[in-house]
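Encoded as structure tokens, the structure appears first; notes follow it.
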Amino acid sequence: MQRSFIANNPSVLWFLLCLAAFTLGVTVLAEATGAGLISTSFVKTLGKVLCLCLVAIAMDVVWGYCGILSLGHFAFFGIGGYAVGMWLMYARTEAIVVENLSARLIPPTPAEVNDAIATQIFGVVGSSEFPLIWAFADSLLLQLLLVVLVPGFLALIFGWLAFRSRVTGVYLSILTQAMTLALALYLFQNDSGLRGNNGLSGLQNIPGFEAVPQSVVSMAFFWASAVALGAGYVLFARVLSGKMGSVIRAIRDDESRVRFLGYHVESYKLFVFTLTAIVAGIAGALYYPQAGIINPAEIAPIASIYLAVWVAIGGRGRLYGAVIGTAFVSLLSSWFTGGSAPNVNLGFYTIQWTEWWLVLLGLSFVAVTLFFPGGIGMLFDKFTRKSQ
Amino acid sequence: MIRLLTFVLAALCLPLTAHAQDLQALLQTHEKIIAKPSRKNVTPVLDALVGSGLPQVPEFLQNWQDKEVYQRAADGLFFYADKTGKTYTLKDVSGGTEVATEVSASDIKQIKPNGGVRKVIAQYLVQFQLSDPDINRRTDALNAISRNLSADQIEPLRASIDGESDATLKLRKQRLANYLMARFGESSADRVAAIEAIAGDLSVEGRAVLSQILETRVAASQALPDGENIARQLEVGEDLSRTEAYTLLVETSGLPATISDNEIRLALESYVDGGRVAGIPIAQLDTLDARAKAYDALAASDVVPARVTQEDIDAALADWGIYEIYLDQDDAVTAAAKEAQSAVNTRVGLNQAADLGLDAISLASIYFLAAVGLAITFGVMGVINMAHGEFIMMGAYTGYVVQQFITNYTLSLVVALPLAFAVTFAAGVLMERTVIRWLYNRPLETLLATFGISIALQQLAKNIFGTQARPLTSPGWLDGAWVINDVVQISYIRIAIFVLALLFLGLLLFILKKTRLGLEVRAVTQNPRMAASMGINPDKIKMMTFGLGSGIAGIAGVAIGLFAKVTSEMGSDYIVQSFMTVVVGGVGNVWGTLAGAAMIGTFQKGVEWLNPSNTLAAQTYMILFIILFIQFRPKGIIALKGRAAGD
């Protein structure tokens with residue numbers, strides 16, 4: 001079985017090899033573990049890109065394979081980030097507070113510690129009490145469970161409601177977009193319990209590892225992201241191979257026909273939607289400790305649309321396409337917006353890429369949709385055909 | 001001494017012109033205070049001046065307040081002065097006849113009352129201003145009275161009512177006099193009558209008067225307070241918490257204060273002895289129970305006050321009653337005021353509901369305007385245009401650019417509306433020709449491609465106009481609001497948007513139902529091949545329809561820009577709501593869009609009313625509501641039936 005899976009999906013092996021080579025390369029060149037040619041901040045960028053690739057393959061499965069253009073998967077990504085961020089912030093604040101209180105003559109009571117942490121965290125939104133959703137924030141294990149459970153449940157409920165009433169196509173896209181907008185607007189409120197538009201910050205400091213330099217921490221997260229991406233890739237490749245994968249692809253191509261053949265289309269869609277939401281949550285949980293801060297703007301509808309853009313440019317309907325598109329566009333984007341791209345002097349006007357990059361991205365996206373529906377991944381098709 | 005002598009001399013020498021000198025004489029009796037007035041001592045002087053009934057007093061008070069009174073150093077007499085060049089011309093305080101010319105600045109002293117004094121003078125001036133021939137002065141005086149109601153204004157105000165020539169001002173005077181009567185009237189019956197007159201009044205001032213009459217203080221007492229006008233007894237646990245109630249008892253009745261957890265900790269810290277407090281090692285003091293035990297041990301040896309236990313608090317609360325007592329002693333008056341207040345509140349509530357209705361209508365018309373273009377491109381043609389919001393933005397920027405060239409706001413609006421339509425119509429046609437026409441029947445890809453255009457356009461606008469918001473100024477006749485009463489009002493600009501929305505509804509219905517173009521549009525959307533075989537050019541029709549929808553977005557942009565700021569992101573603020581409006585209303589139907597806009601507008605305003613401080617929450621709940629609504633009516637409020645439904 002294992003052999004036939006690899007044999008049927010040679011791209012999985014190739015992908016894992018490439019990912020391993022890339023990880024090894026970065027490790028050798030990085031500051032903490034090797035030659036020091038790659039700075040810590042760039043290791044963080046690469047780690048973040050790997051997490052984005054993970055959420056992008058989830059998006060590719062739900063859109064490219066199952067035909068559901070979800071414009072809300074970044075909401076699940078954000079929820080994962082918030083869930084892990086709550087523990088990071090709580091545990092770190094707790095360490096600081098306990099140290100401060102230990103200066104007192106009499107040891108603090110648990111209630112005093114709790115109040116001091118709450119004041120420290122929620123002072124910016126004018127509150128000094130823990131909201132209900134922080135009930136598990138003191139336990140890493142429970143918060144990690146929430147990374148999986150909250151996006152899963154949300155996707156399950158939302159998907160059940162939507163698929164049950166046969167909302168499809170663009171209607172579903174708009175509905176998912178509304179979902180992420182609603183979540184973002186809710187989190188923007190100060191009394192949402194998650195610090196309003198301040199979001200959660202200081203997430204790059206891992207409690208218990210304060211002494212470890214950031215270069216090592218970032219390397220650890222980079223490896224974790226690479227492992228997660230590899231695991232996610234294998235997981236989705238397995239889901240999509242075999243009979244189940246065929247049904248999922250068939251739903252994309254003609255939903256009614258699959259239904260007439262006796263398959264329970266809604267269950268398949270719900271399964272794909274929920275599974276990808278969970279993977280998105282995990283990707284978010286790995287991403288935000290590297291980014292250091294999460295706020296509601298991260299899950300605004302535009303973020304989910306960018307996700308679709310990456311997948312489309314990479315080529316949807318192929319997992320490696322999503323990875324390539326995401327890596328390509330997000331690295332290019334940080335190159336252009338970072339100001340390192342050379343300005344183009346036209347004589348009468350100088351094109352500054354920090355200003356014009358989005359125009360270029362938008363237009364090239366239109367061009368990809370119009371002329372290269374297969375995206376960058378299509379190049380590989382030509383390559384494999386030639387070799388055959 | 002010399003001054004006094006001169007004064008006496010002057011008084012003796014000019015007995016015949018005594019009347020003209022009277023004011024000066026009066027001023028001289030209070031010379032010290034008038035020259036150097038302070039808030040504390042100025043009142044009796046003002047009383048004396050006003051009480052004298054001299055006709056020149058108002059003018060003097062006005063000049064005094066305006067720092068235009070001068071005192072001559074030689075004899076201490078007061079004058080008004082005009083500055084001519086470097087010297088002054090002195091004028092008599094009675095009548096203004098010139099007394100001396102070319103007086104140098106060193107011979108006279110300007111009198112400068114400080115701000116506090118000037119305020120007191122202003123209060124005395126009010127009674128004169130109430131009958132001033134200048135209507136602005138009279139209005140100012142009324143404003144001054146209403147800002148600070150006091151009993152001594154009743155008489156001058158009433159006296160001025162009969163002579164009032166302006167009808168609105170007269171009404172206002174009567175109302176103000178009524179308020180004053182309600183608060184400071186002589187007899188109970190007078191006040192009750194005045195209060196009953198207020199009951200029919202919706203104004204903020206009237207409501208403030210009622211609540212001032214009903215002001216209360218909270219007091220604790222073991223028996224029913226005697227001789228007090230009790231509003232009600234407060235129930236512990238309902239009207240105020242146990243802690244609040246006991247704190248009140250501590251503050252008013254001298255009961256022992258509770259010792260807070262923090263105070264216990266501080267007390268324990270100050271009695272640490274060799275690592276122990278009252279024999280307990282401090283390492284064990286990390287729970288509240290352990291701390292309480294240690295503290296009790298300290299209290300037993302009388303070094304700290306004993307803790308107030310929960311039983312003590314219960315006993316105290318059972319023993320004492322907490323009452324709300326009206327500051328006003330007259331119970332007939334407070335009862336009348338209470339009744340009047342509830343009557344007013346009912347009417348205010350009804351009017352607020354009406355106001356909310358107007359707000360909802362205006363929000364609905366904004367949503368309708370933003371969405372009506374989409375109703376055509378998305379609803380009728382089935383094309384998802386994510387750049388629709390950017391067309392709205394484009395229209396708004398067109399308006400802004402027009403205003404840079406045409407400074408007359410009315411004229412610029414007249415130019416901007418058709419120009420915005422033309423610009424966005426052209427942009428829409430261009431987009432349809434170059435992008436959308438290749439993607440018909442591939443709606444998801446249309447969504448993505450138009451989204452690409454949306455990012456590009458947004459960034460382009462940012463590059464051209466910058467990130468800061470640009471103003472789109474509305475003409476003067478659209479400023480202000482239509483005020484129905486103190487509660488219900490609506491700004492003219494919102495009325496204009498409502499009218500514009502209605503116009504568009506009519507126009508669209510007319511185009512779609514009564515014109516050749518509309519007929520062809522409907523034919524092409526229902527069955528393009530059949531339409532083509534009937535001699536209709538589907539390409540051209542689709543192009544025109546898309547242009548029309550985009551053009552309307554442009555006009556909506558001008559309208560929205562008039563009340564919201566024009567930024568490059570304004571389109572994305574409306575795009576999701578606009579799609580919601582179309583989807584909720586029912587695709588393919590202009591009436592549906594209207595219904596969707598009405599529903600979303602009403603719902604959002606309704607939620608805002610329940611939780612007025614939080615428009616974000618209102619939007620969140622609105623979206624959740626829409627998601628649920630679509631579960632029950634997936635095809636929207638007005639669903640197409642039969643073949644027109646397309647599936």
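Scheme for the structure tokens: letters A, B, ... for chains in order shown; per-chain residue numbers from 1; ligand numbers from 1 in order shown.
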
*What lies within 8 Å of Gly169 (chain A) using only C-alpha atoms, ignoring chain neighbours under 6 positions off, as a list in words?*
Ile68 and Leu69 of chain A; Pro443 and Leu444 of chain B

*asked:* Using only C-alpha atoms, which protein or nucleic acid residues come within 8 Å of region 458-472 of chain B? Drop anything in the same chain fewer than 4 positions from it, and give the result as a list in words.
replied: Glu355, Trp356, Leu358 and Val359 of chain A; Glu390, Ala396, Gly399, Tyr400, Gln403, Ser454, Gly561, Leu562, Lys565, Val566, Thr567, Ser568 and Glu569 of chain B

Hey, list the chain B side of the contact with chain A: 7 Å cut-off, only C-alpha atoms, answer as a PDB file with C-alpha atoms, in the first residue's frame.
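What follows is the written file part19.pdb:
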```pdb
ATOM      1  CA  GLU B 269       3.751  42.659  56.303  1.00  0.00           C
ATOM      2  CA  ILE B 282       5.250  33.626  56.197  1.00  0.00           C
ATOM      3  CA  ALA B 283       5.836  30.932  53.595  1.00  0.00           C
ATOM      4  CA  LEU B 285       0.662  32.825  54.016  1.00  0.00           C
ATOM      5  CA  ASP B 286      -0.026  32.247  50.340  1.00  0.00           C
ATOM      6  CA  THR B 287      -3.734  31.615  50.701  1.00  0.00           C
ATOM      7  CA  LEU B 288      -6.444  34.002  51.817  1.00  0.00           C
ATOM      8  CA  PRO B 443     -17.815  32.881 -12.122  1.00  0.00           C
ATOM      9  CA  LEU B 444     -15.096  31.915  -9.637  1.00  0.00           C
ATOM     10  CA  GLU B 445     -12.401  33.054 -12.019  1.00  0.00           C
ATOM     11  CA  ALA B 449      -9.614  38.413 -11.918  1.00  0.00           C
ATOM     12  CA  GLY B 452      -6.794  41.518  -9.103  1.00  0.00           C
ATOM     13  CA  ILE B 453      -8.152  44.645 -10.776  1.00  0.00           C
ATOM     14  CA  ILE B 455      -6.012  45.608  -5.755  1.00  0.00           C
ATOM     15  CA  ALA B 456      -4.397  47.336  -8.713  1.00  0.00           C
ATOM     16  CA  GLN B 459      -3.021  50.966  -5.092  1.00  0.00           C
ATOM     17  CA  LEU B 460      -3.187  53.186  -8.157  1.00  0.00           C
ATOM     18  CA  ASN B 463      -0.238  56.414  -5.692  1.00  0.00           C
ATOM     19  CA  VAL B 576     -18.925  42.846   1.254  1.00  0.00           C
ATOM     20  CA  LEU B 616     -18.564  47.050  15.244  1.00  0.00           C
ATOM     21  CA  ALA B 617     -20.737  44.635  17.178  1.00  0.00           C
ATOM     22  CA  THR B 620     -20.747  41.517  13.353  1.00  0.00           C
ATOM     23  CA  ILE B 623     -23.266  39.431   9.154  1.00  0.00           C
ATOM     24  CA  LEU B 624     -24.044  36.478  11.400  1.00  0.00           C
ATOM     25  CA  ILE B 627     -25.341  33.912   7.222  1.00  0.00           C
ATOM     26  CA  GLN B 631     -29.805  29.102   5.445  1.00  0.00           C
ATOM     27  CA  PRO B 634     -30.899  30.582   0.041  1.00  0.00           C
TER      28      PRO B 634
END
```

*Polymer residues at most 10 Å from Ala91 (chain A), only C-alpha atoms, same-chain spacing of 2 or more positions, as an NGL selection string*: :A and (85-89 or 93-97 or 117 or 137-140 or 206-208)

*Could you work out how far CA of Ala597 (chain B) lies from CA of Ala370 (chain B), giving the answer in Å with one decimal?*
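Distance between the two atoms: 9.5 Å.
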